[in-house]
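Undergrad: Right, I'll just put the structure down here and ask away after.
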Amino acid sequence: MLSRTADHLFWMSRYTERAENTARMLDVNYQTSLLPQSDAVALVGWQGLLSISELASVYKAKHGEIHVRDVMDFMVKDESNPSSIVSCLNAARENARAVRGTLTTEVWETQNQTWLEVRRMIKAGEFERDPAQFFEWVKFRSHLSRGVTLGTMLMDEALYFMRLGTFLERADNTARLVDVKFHAVQSDFYGAASEKDQEYDFYHWSAILRSVSGFEVYRKVYRDVIRPERVAELLILRPDMPRSLHASLNEVVKNLALVANDQSGETHRRAGKLCAELKYGRIDEILATGLHAYLTQFLDRVNDLGMHISRDFLVPSAA
Amino acid sequence: MLKFDEMYTRLPYEFFTHGAQIRDHYKIYDEWLARQPGDMMAKRREEAEMIFRRVGITFAVYGEKDEEGAGAERLIPFDLIPRIIPANEWSFLERGLVQRVSALNRFVHDVYHDQEIIKAGVVPSDQVLGNAQFRPEMMGVSVPNNIYSHISGIDIVRAPNAKGEGEYFVLEDNLRVPSGVSYMLEDRKMMMRLFPALFNAHRVAPIAHYPDLLLETLRASSPATTAEPTVVVLTPGMHNSAYFEHAFLAQQMGIELVEGQDLFVRDNFCYMRTTRGPKRVDVIYRRVDDDFLDPKVFQPTSTLGCAGLIDVYRAGNVSICNAVGTGVADDKSIYAYVPKMIEFYLGEKPILNNVPTYLCRNPDDLAYTLAHMKDLVVKEVHGAGGYGMLVGPAATKAEIEDFRKAVLANPGGYIAQPTLSLSSCPTFVESGIAPRHIDLRPYVLSGKTVQMVPGGLTRVALKDGSLVVNSSQGGGTKDTWVLENGVPPAATPGQTQKQSTEGEM
């Protein structure tokens with residue numbers, strides 16, 4: 001398949017997945033903000049959200065102080081913010097439009113319909129009227145997009161590059177989420193030294209779990225009260241948790257093998273190595289070395305994989 | 001002035017006359033229409049628009065922005081009332097089109113080889129060699145099957161002839177990159193979806209196999225060296241106004257849609273960049289103008305083509321469809337000579353006539369044109385898309401004066417034609433059903449044989465009285481039905497095993 005086509009498919013999926021994850025994080029923050037909490041705690045939540053996307057400084061330059069309304073607008077409908085939900089859905093649709101002939105009619109129409117709808121909803125003020133409903137809608141459009149893709153696309157390269165995009169993006173997004181949320185815990189508000197009541201922690205951890213649809217999963221897997229190290233284990237190491245780093249990397253490795261070409265050996269090796277470390281890793285070891293350090297190098301390696309995939313398949317420099 | 005309508009025998013329309021004024025091939029449609037509830041058309045139109053938008057059947061309007069500042073994507077207006085052509089009229093048209101396109105291909109071949117038609121004095125030498133679309137790079141270059149215009153869009157109008165009878169005339173030949181065929185196909189799909197019962201009641205000749213014929217034509221045009229040619233569609237990209245069509249055709253044919261950046265030349269062959277390394281390309285169905293095909297030969301700043309492509313082409317290692325240099329045969333001053341070409345190359349009388357044309361390069365014709373500007377349609381020889389033309393009867397004094405100056409400054413750049421009374425067809429507009437002027441563009445495919453699907457794209461000027469049907473100028477489209485002879489399927493016994501759609505219709 002054309003390298004340019006593969007590139008558009010890969011990024012179409014990445015942007016769709018990114019829109020979904022942004023909606024998930026915003027939703028969790030929004031839900032949490034409805035709970036009784038101090039202003040300072042709320043502030044950390046929104047700050048964390050901006051730093052997940054490395055947007056804190058851009059936001060500050062534009063809006064100054066953190067206000068819930070501003071952050072939500074910035075992350076949802078600000079088209080000058082390339083990570084906003086609207087920007088991601090625009091980018092996904094533009095990529096789809098560039099290769100619409102490669103997509104099944106259903107996949108293309110799903111992307112196009114999402115784009116038409118989001119523009120209409122924003123214009124009609126539906127997001128402001130009911131943010132939770134809006135986030136739910138974004139999530140479900142992403143579910144639909146993935147389902148339509150799996151249900152209608154020929155199982156060939158086009159599909160593999162789309163899957164590659166989805167899971168590379170998911171690995172990145174989940175790692176960022178875990179990093180920021182655990183970082184918040186270790187900061188002044190939740191520090192292990194300070195006495196925090198159990199109840200408060202419960203809401204914090206359950207919010208993280210809910211943001212990755214992992215609350216029920218946690219209960220089922222651990223049959224125990226919610227403990228931070230187990231939340232971390234679930235989201236990083238469990239191969240059966242669909243949004244975990246391990247599960248995402250499994251898919252990356254699998255799809256890389258399916259599209260392998262003469263020059264992709266090194267990329268495949270690096271992905272395989274990263275995946276093996278997740279497979280044989282233990283949460284106590286990770287926590288001992290420091291979660292933040294661990295996730296930082298993980299994100300670097302995911303980024304490195306993205307560049308290698310681009311070089312090997314999507315934008316080959318050699319004529 | 002005499003006026004012809006496709007459905008009614010006289011104008012203005014008188015509704016509910018129980019078919020008294022209805023031409024025979026519209027009788028079933030008329031009876032069906034009379035049975036419909038009053039708001040049916042408006043509802044169906046809403047439904048059609050919703051579907052077109054969801055499917056993304058849009059065209060970009062150059063220079064326009066929507067209210068959010070994004071590039072404007074507009075729906076092409078689609079009219080719900082079909083243009084119906086009876087079988088005998090179509091078979092006449094088809095014969096005429098095959099003849100005309102065959103002669104045009106002979107002409108292009110001749111121009112780039114022995115130039116016999118010039119030597120014989122049939123077409124003046126400067127008209128050909130001095131034409132901006134003449135490509136000296138093509139001299140002596142052989143192309144497969146000697147076919148240059150693989151896809152020809154021939155614009156046809158129906159108008160009164162000297163005897164006062166309705167006659168099909170050729171208005172224009174489009175031999176470079178004629179567009180619109182995707183609308184022909186999508187309009188049919190839409191009509192079958194909105195009005196299934198109508199297709200039960202008529203024998204409408206199918207057209208959905210057009211992409212198959214197109215692929216067959218393109219494969220037949222591949223260089224002799226390949227048994228299994230790789231065919232691609234070359235598009236300028238998604239910001240081009242016809243991008244939907246490029247993507248649509250590539251998908252329907254199951255071939256790659258490439259942009260210039262995807263192609264490169266090595267060792268005198270053309271390749272595309274794929275995820276598994278370079279892959280050779282044998283046939284390029286290009287939707288990019290000659291000027292942009294190869295920066296080494298034509299526009300040096302073009303990024304839409306591929307550097308070195310023309311060398312590969314001249315070596316016979318890749319086919320380009322339509323060929324480079326077909327423009328020499330489709331401008332409006334060469335148009336006047338096509339009937340003579342038919343006689344010269346084929347030894348036949350033209351089946352389809354031209355519209356009478358005054359070439360302003362001839363002093364007599366120029367004088368006539370200048371004296372009658374308010375009655376004539378004056379066109380730039382190289383104009384397209386409804387731009388660069390003056391419709392005399394609809395123009396203001398100032399517009400006529402401006403055009404007169406332009407013609408005087410460069411007479412060779414203009415032709416003039418009498419204002420034709422294009423036939424009208426009932427069209428659903430704001431005020432209800434009213435006559436609007438239409439034309440017809442059949443798509444003629446030339447490979448090993450010359451063939452086409454029945455019908456073509458009917459374009460309709462939606463503004464009352466307007467004669468300009470181009471989509472860039474507020475024109476719309478209609479589904480075009482060529483009726484087959486015989487009994488409609490609904491009247492055939494044994495075809496009743498379907499859920500009743502009558503309740504809805």
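Ligands are numbered from 1 in the order shown, residues from 1 within each chain, and chains are lettered A, B, ... in the order they appear in the structure tokens.
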Determine, counting only C-alpha atoms, which protein, DNA and RNA residues have an atom within 12 Å of an atom of Gly45 in chain A; residues of the same chain fewer than 3 positions away are not included. Present the result as a compact mmCIF listing (two decimals) with C-alpha atoms, in the first residue's frame.

TA:
```txt
# COMPACT_ATOMS: atom_id res chain seq x y z
CA MET A 25 -9.77 12.31 31.40
CA LEU A 26 -11.98 15.37 31.21
CA ASP A 27 -14.96 13.34 32.24
CA VAL A 28 -13.21 11.98 35.30
CA ASN A 29 -12.04 15.43 36.35
CA TYR A 30 -15.46 16.82 35.80
CA GLN A 31 -17.10 14.05 37.83
CA THR A 32 -14.54 14.46 40.60
CA SER A 33 -15.16 18.18 40.69
CA GLN A 37 -13.18 18.86 47.85
CA SER A 38 -10.99 21.83 48.57
CA ASP A 39 -10.25 24.33 45.81
CA ALA A 40 -6.60 23.44 46.03
CA VAL A 41 -7.29 19.78 45.36
CA ALA A 42 -9.51 20.64 42.43
CA GLY A 48 -2.59 17.58 36.04
CA LEU A 49 -4.90 17.31 33.11
CA LEU A 50 -3.10 20.07 31.25
CA SER A 51 0.31 18.63 32.02
CA ILE A 52 -0.76 15.19 30.75
CA ILE A 66 -6.86 27.91 35.96
CA HIS A 67 -10.64 28.05 35.83
CA VAL A 68 -12.64 24.93 35.25
CA VAL A 71 -9.76 24.45 30.89
CA LEU A 177 -2.70 9.33 32.79
CA VAL A 180 0.00 12.44 36.33
CA LYS A 181 -2.48 10.85 38.69
CA PHE A 182 0.19 9.11 40.73
CA HIS A 183 2.24 12.24 40.69
CA ALA A 184 -0.67 14.09 42.26
CA VAL A 185 -0.85 11.52 45.02
CA SER A 187 2.49 15.68 45.98
CA PHE A 189 -2.01 16.81 49.10
CA HIS A 204 -9.30 9.43 43.81
CA ALA A 207 -11.89 7.99 39.45
CA ILE A 208 -8.69 6.90 37.73
```

Undergrad: Just want the 8 Å neighbourhood of Thr110 in chain A, counted on only C-alpha atoms, with same-chain residues fewer than 3 positions away dropped. Output as a PyMOL selection string.

TA: chain A and resi 106-107+113-114+141+144-145+148

Undergrad: Based on the selection just made, write N, CA and C atoms of those residues as a short mmCIF file (atom, residue, chain, number, x, y, z; two decimals), in the first residue's frame.

TA:
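Result went into again.cif, see below:
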```
data_model
loop_
_atom_site.label_atom_id
_atom_site.label_comp_id
_atom_site.auth_asym_id
_atom_site.auth_seq_id
_atom_site.Cartn_x
_atom_site.Cartn_y
_atom_site.Cartn_z
N GLU A 106 -18.67 2.36 5.44
CA GLU A 106 -19.11 2.52 6.83
C GLU A 106 -18.06 3.25 7.67
N VAL A 107 -16.79 2.90 7.48
CA VAL A 107 -15.75 3.54 8.28
C VAL A 107 -15.69 5.03 7.94
N GLN A 113 -19.52 11.49 9.88
CA GLN A 113 -20.69 11.80 10.70
C GLN A 113 -20.26 12.35 12.06
N THR A 114 -19.22 11.79 12.63
CA THR A 114 -18.71 12.27 13.91
C THR A 114 -18.31 13.74 13.78
N ARG A 141 -18.52 7.39 20.06
CA ARG A 141 -18.15 7.52 18.64
C ARG A 141 -16.85 6.77 18.39
N LEU A 144 -17.57 3.15 18.31
CA LEU A 144 -18.23 2.84 17.04
C LEU A 144 -17.20 2.77 15.92
N SER A 145 -16.30 3.73 15.93
CA SER A 145 -15.28 3.77 14.90
C SER A 145 -14.43 2.50 14.91
N VAL A 148 -16.69 -0.51 13.78
CA VAL A 148 -16.95 -0.51 12.35
C VAL A 148 -15.69 -0.91 11.59
#
```

Undergrad: List every residue of chain A that has an atom at most 8 Å from any atom of chain B, and for each one report the closest atom pair and its distance in Å to one decimal, counting only C-alpha atoms, with rows sorted by chain and then by increasing residue number, as JSON lines.

TA:
```
{"residue": "A:Met1", "atom": "CA", "partner": "B:Thr274", "partner_atom": "CA", "distance": 5.1}
{"residue": "A:Leu2", "atom": "CA", "partner": "B:Thr274", "partner_atom": "CA", "distance": 4.0}
{"residue": "A:Ser3", "atom": "CA", "partner": "B:Thr274", "partner_atom": "CA", "distance": 4.6}
{"residue": "A:Arg4", "atom": "CA", "partner": "B:Asp262", "partner_atom": "CA", "distance": 7.0}
{"residue": "A:Ala6", "atom": "CA", "partner": "B:Thr275", "partner_atom": "CA", "distance": 7.3}
{"residue": "A:Arg97", "atom": "CA", "partner": "B:Met238", "partner_atom": "CA", "distance": 7.4}
{"residue": "A:Ala98", "atom": "CA", "partner": "B:Met238", "partner_atom": "CA", "distance": 5.9}
{"residue": "A:Val99", "atom": "CA", "partner": "B:Ala247", "partner_atom": "CA", "distance": 7.4}
{"residue": "A:Arg100", "atom": "CA", "partner": "B:Ala247", "partner_atom": "CA", "distance": 6.5}
{"residue": "A:Gly101", "atom": "CA", "partner": "B:Gln251", "partner_atom": "CA", "distance": 4.5}
{"residue": "A:Thr102", "atom": "CA", "partner": "B:Gln251", "partner_atom": "CA", "distance": 6.6}
{"residue": "A:Thr105", "atom": "CA", "partner": "B:Val55", "partner_atom": "CA", "distance": 7.9}
{"residue": "A:Trp108", "atom": "CA", "partner": "B:Val55", "partner_atom": "CA", "distance": 7.8}
{"residue": "A:Glu109", "atom": "CA", "partner": "B:Val55", "partner_atom": "CA", "distance": 5.7}
{"residue": "A:Asn112", "atom": "CA", "partner": "B:Arg54", "partner_atom": "CA", "distance": 6.4}
{"residue": "A:Gln113", "atom": "CA", "partner": "B:Arg54", "partner_atom": "CA", "distance": 5.8}
{"residue": "A:Leu116", "atom": "CA", "partner": "B:Arg54", "partner_atom": "CA", "distance": 7.9}
{"residue": "A:Asn261", "atom": "CA", "partner": "B:Arg276", "partner_atom": "CA", "distance": 5.7}
{"residue": "A:Asp262", "atom": "CA", "partner": "B:Arg276", "partner_atom": "CA", "distance": 7.6}
{"residue": "A:Asp312", "atom": "CA", "partner": "B:Thr275", "partner_atom": "CA", "distance": 7.7}
{"residue": "A:Phe313", "atom": "CA", "partner": "B:Thr275", "partner_atom": "CA", "distance": 4.7}
{"residue": "A:Leu314", "atom": "CA", "partner": "B:Thr275", "partner_atom": "CA", "distance": 6.6}
{"residue": "A:Pro316", "atom": "CA", "partner": "B:Arg273", "partner_atom": "CA", "distance": 7.6}
{"residue": "A:Ala319", "atom": "CA", "partner": "B:Phe264", "partner_atom": "CA", "distance": 6.8}
```

Undergrad: Please determine, counting only C-alpha atoms, which residue among A:Lys62, A:His268, A:Arg24, A:Lys273 has the shortest atom-to-atom distance to Ser142 in chain A.

TA: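 Among the listed residues, A:Arg24 lies closest to Ser142 in chain A.
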
Undergrad: One number please: CA of Leu274 in chain A to CA of Asp7 in chain A, in Å, one decimal.

TA: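 Here the two named atoms are 23.0 Å from each other.
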
Undergrad: Quick check for you: according to DSSP on this backbone, which residues of range 11-137 of chain A are classed as alpha helix (DSSP H)? Reply as a count of residues only.

TA: 98

Undergrad: From a DSSP pass on the backbone, collect the residues of range 126-371 of chain B flagged as strand (DSSP E) and hand them back as a PyMOL selection string.

TA: chain B and resi 151-160+166-174+231-234+256-258+263-266+269-274+277-280+283-286+319-321+353-354+358-359

Undergrad: Can I get the selected residues back with N, CA and C atoms, as a short mmCIF file (atom, residue, chain, number, x, y, z; two decimals), in the first residue's frame?

TA:
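Final output, out_37.cif:
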```
data_model
loop_
_atom_site.label_atom_id
_atom_site.label_comp_id
_atom_site.auth_asym_id
_atom_site.auth_seq_id
_atom_site.Cartn_x
_atom_site.Cartn_y
_atom_site.Cartn_z
N ILE B 151 -10.89 8.98 -22.05
CA ILE B 151 -12.16 9.36 -21.43
C ILE B 151 -12.55 10.71 -22.02
N SER B 152 -13.65 10.74 -22.76
CA SER B 152 -14.07 11.97 -23.40
C SER B 152 -15.43 12.37 -22.87
N GLY B 153 -15.55 13.59 -22.43
CA GLY B 153 -16.86 14.10 -22.00
C GLY B 153 -17.40 15.01 -23.10
N ILE B 154 -18.43 14.57 -23.76
CA ILE B 154 -18.95 15.35 -24.90
C ILE B 154 -20.25 16.02 -24.46
N ASP B 155 -20.24 17.33 -24.44
CA ASP B 155 -21.44 18.05 -23.98
C ASP B 155 -22.45 18.21 -25.09
N ILE B 156 -23.65 17.74 -24.80
CA ILE B 156 -24.73 17.68 -25.79
C ILE B 156 -25.89 18.55 -25.31
N VAL B 157 -26.50 19.27 -26.24
CA VAL B 157 -27.73 19.99 -25.88
C VAL B 157 -28.80 19.61 -26.89
N ARG B 158 -30.04 19.77 -26.48
CA ARG B 158 -31.15 19.55 -27.41
C ARG B 158 -31.78 20.92 -27.64
N ALA B 159 -31.96 21.25 -28.91
CA ALA B 159 -32.45 22.59 -29.25
C ALA B 159 -33.14 22.51 -30.61
N PRO B 160 -33.94 23.51 -30.94
CA PRO B 160 -34.59 23.49 -32.25
C PRO B 160 -33.57 23.68 -33.37
N GLY B 166 -36.73 19.45 -32.61
CA GLY B 166 -35.74 19.26 -31.56
C GLY B 166 -34.61 18.39 -32.08
N GLU B 167 -33.37 18.81 -31.88
CA GLU B 167 -32.23 18.03 -32.37
C GLU B 167 -31.11 18.07 -31.33
N TYR B 168 -30.37 16.97 -31.23
CA TYR B 168 -29.21 16.96 -30.34
C TYR B 168 -28.01 17.58 -31.06
N PHE B 169 -27.39 18.56 -30.43
CA PHE B 169 -26.18 19.18 -30.98
C PHE B 169 -25.03 18.96 -30.02
N VAL B 170 -23.82 18.88 -30.58
CA VAL B 170 -22.65 18.86 -29.71
C VAL B 170 -22.27 20.30 -29.40
N LEU B 171 -22.13 20.59 -28.12
CA LEU B 171 -21.80 21.96 -27.73
C LEU B 171 -20.30 22.11 -27.48
N GLU B 172 -19.68 21.03 -27.00
CA GLU B 172 -18.29 21.11 -26.58
C GLU B 172 -17.72 19.71 -26.44
N ASP B 173 -16.42 19.58 -26.79
CA ASP B 173 -15.73 18.32 -26.53
C ASP B 173 -14.78 18.54 -25.35
N ASN B 174 -14.77 17.64 -24.37
CA ASN B 174 -13.83 17.74 -23.24
C ASN B 174 -12.91 16.53 -23.28
N VAL B 231 -2.43 -0.01 -12.35
CA VAL B 231 -3.12 1.22 -12.76
C VAL B 231 -3.35 2.07 -11.52
N VAL B 232 -3.12 3.38 -11.61
CA VAL B 232 -3.39 4.27 -10.48
C VAL B 232 -4.16 5.49 -10.95
N VAL B 233 -4.83 6.15 -10.01
CA VAL B 233 -5.45 7.44 -10.27
C VAL B 233 -4.55 8.51 -9.66
N LEU B 234 -4.19 9.52 -10.44
CA LEU B 234 -3.34 10.60 -9.93
C LEU B 234 -4.22 11.83 -9.65
N GLU B 256 -4.98 2.21 -6.50
CA GLU B 256 -4.44 3.24 -5.62
C GLU B 256 -4.77 4.64 -6.12
N LEU B 257 -5.04 5.52 -5.17
CA LEU B 257 -5.18 6.94 -5.46
C LEU B 257 -3.87 7.59 -5.05
N VAL B 258 -3.11 8.06 -6.02
CA VAL B 258 -1.80 8.61 -5.68
C VAL B 258 -1.76 10.12 -5.88
N LEU B 263 4.91 9.43 -6.21
CA LEU B 263 5.55 8.86 -7.40
C LEU B 263 7.00 9.31 -7.50
N PHE B 264 7.81 8.49 -8.11
CA PHE B 264 9.16 8.92 -8.46
C PHE B 264 9.64 8.11 -9.66
N VAL B 265 10.66 8.64 -10.31
CA VAL B 265 11.18 8.01 -11.51
C VAL B 265 12.58 7.48 -11.23
N ARG B 266 12.84 6.23 -11.66
CA ARG B 266 14.18 5.68 -11.53
C ARG B 266 14.43 4.75 -12.72
N PHE B 269 11.72 4.20 -15.38
CA PHE B 269 10.40 3.67 -15.04
C PHE B 269 9.81 4.53 -13.93
N CYS B 270 8.50 4.46 -13.81
CA CYS B 270 7.82 5.24 -12.78
C CYS B 270 7.41 4.31 -11.64
N TYR B 271 7.65 4.73 -10.42
CA TYR B 271 7.33 3.92 -9.24
C TYR B 271 6.50 4.72 -8.24
N MET B 272 5.78 3.98 -7.39
CA MET B 272 5.15 4.65 -6.25
C MET B 272 5.78 4.12 -4.96
N ARG B 273 5.77 5.00 -3.95
CA ARG B 273 6.35 4.61 -2.66
C ARG B 273 5.32 3.85 -1.86
N THR B 274 5.63 2.61 -1.53
CA THR B 274 4.68 1.84 -0.73
C THR B 274 5.34 1.40 0.57
N GLY B 277 8.21 -0.90 -0.05
CA GLY B 277 9.23 -0.46 -1.01
C GLY B 277 8.61 0.01 -2.32
N PRO B 278 9.44 0.37 -3.31
CA PRO B 278 8.92 0.92 -4.56
C PRO B 278 8.13 -0.12 -5.36
N LYS B 279 7.04 0.35 -5.99
CA LYS B 279 6.26 -0.54 -6.85
C LYS B 279 6.05 0.16 -8.19
N ARG B 280 6.29 -0.58 -9.26
CA ARG B 280 6.21 0.03 -10.59
C ARG B 280 4.77 0.38 -10.95
N VAL B 283 0.07 2.36 -15.65
CA VAL B 283 -0.93 3.25 -16.25
C VAL B 283 -1.35 4.30 -15.22
N ILE B 284 -1.31 5.56 -15.63
CA ILE B 284 -1.72 6.64 -14.73
C ILE B 284 -2.97 7.30 -15.29
N TYR B 285 -4.09 7.10 -14.58
CA TYR B 285 -5.29 7.86 -14.93
C TYR B 285 -5.14 9.18 -14.20
N ARG B 286 -4.70 10.19 -14.92
CA ARG B 286 -4.33 11.43 -14.25
C ARG B 286 -5.52 12.39 -14.24
N SER B 319 1.89 4.59 -19.28
CA SER B 319 0.82 5.23 -20.05
C SER B 319 0.18 6.31 -19.21
N ILE B 320 -0.17 7.41 -19.86
CA ILE B 320 -0.86 8.50 -19.18
C ILE B 320 -2.21 8.67 -19.86
N CYS B 321 -3.27 8.63 -19.08
CA CYS B 321 -4.63 8.72 -19.63
C CYS B 321 -5.36 9.88 -18.97
N ASN B 353 -24.57 16.96 -35.19
CA ASN B 353 -24.12 18.25 -35.71
C ASN B 353 -23.54 19.13 -34.61
N ASN B 354 -22.69 20.04 -35.07
CA ASN B 354 -22.21 21.10 -34.20
C ASN B 354 -23.24 22.21 -34.11
N TYR B 358 -19.07 30.91 -35.06
CA TYR B 358 -18.31 31.98 -35.73
C TYR B 358 -16.94 32.07 -35.10
N LEU B 359 -15.91 31.90 -35.94
CA LEU B 359 -14.55 32.00 -35.45
C LEU B 359 -14.10 33.44 -35.61
#
```

Undergrad: So that I can check the surroundings of range 10-15 of chain A, please list as number ranges by chain every protein, DNA and RNA residue that reaches within 7 Å of it, counting only C-alpha atoms and ignoring chain neighbours fewer than 3 positions away.

TA: A: 6-7, 18-19, 88-89, 91-92, 95-96, 161-162, 164-166, 169

Undergrad: Selection from above, C-alpha atoms, as a CSV table (one decimal), in the first residue's frame, can you write it?

TA:
```
chain,number,residue,atom,x,y,z
A,6,ALA,CA,-0.6,4.1,5.6
A,7,ASP,CA,0.4,7.4,7.2
A,18,ARG,CA,-6.6,10.6,21.5
A,19,ALA,CA,-10.0,12.3,21.3
A,88,CYS,CA,-8.5,15.7,17.1
A,89,LEU,CA,-11.8,14.8,15.5
A,91,ALA,CA,-7.7,15.8,12.2
A,92,ALA,CA,-9.1,12.2,12.2
A,95,ASN,CA,-6.9,12.0,7.4
A,96,ALA,CA,-9.9,9.8,6.6
A,161,PHE,CA,-1.7,0.3,10.3
A,162,MET,CA,-5.0,1.6,11.8
A,164,LEU,CA,-1.0,0.1,15.1
A,165,GLY,CA,-2.1,3.8,15.4
A,166,THR,CA,-4.8,3.0,17.9
A,169,GLU,CA,-1.7,6.1,21.0
```
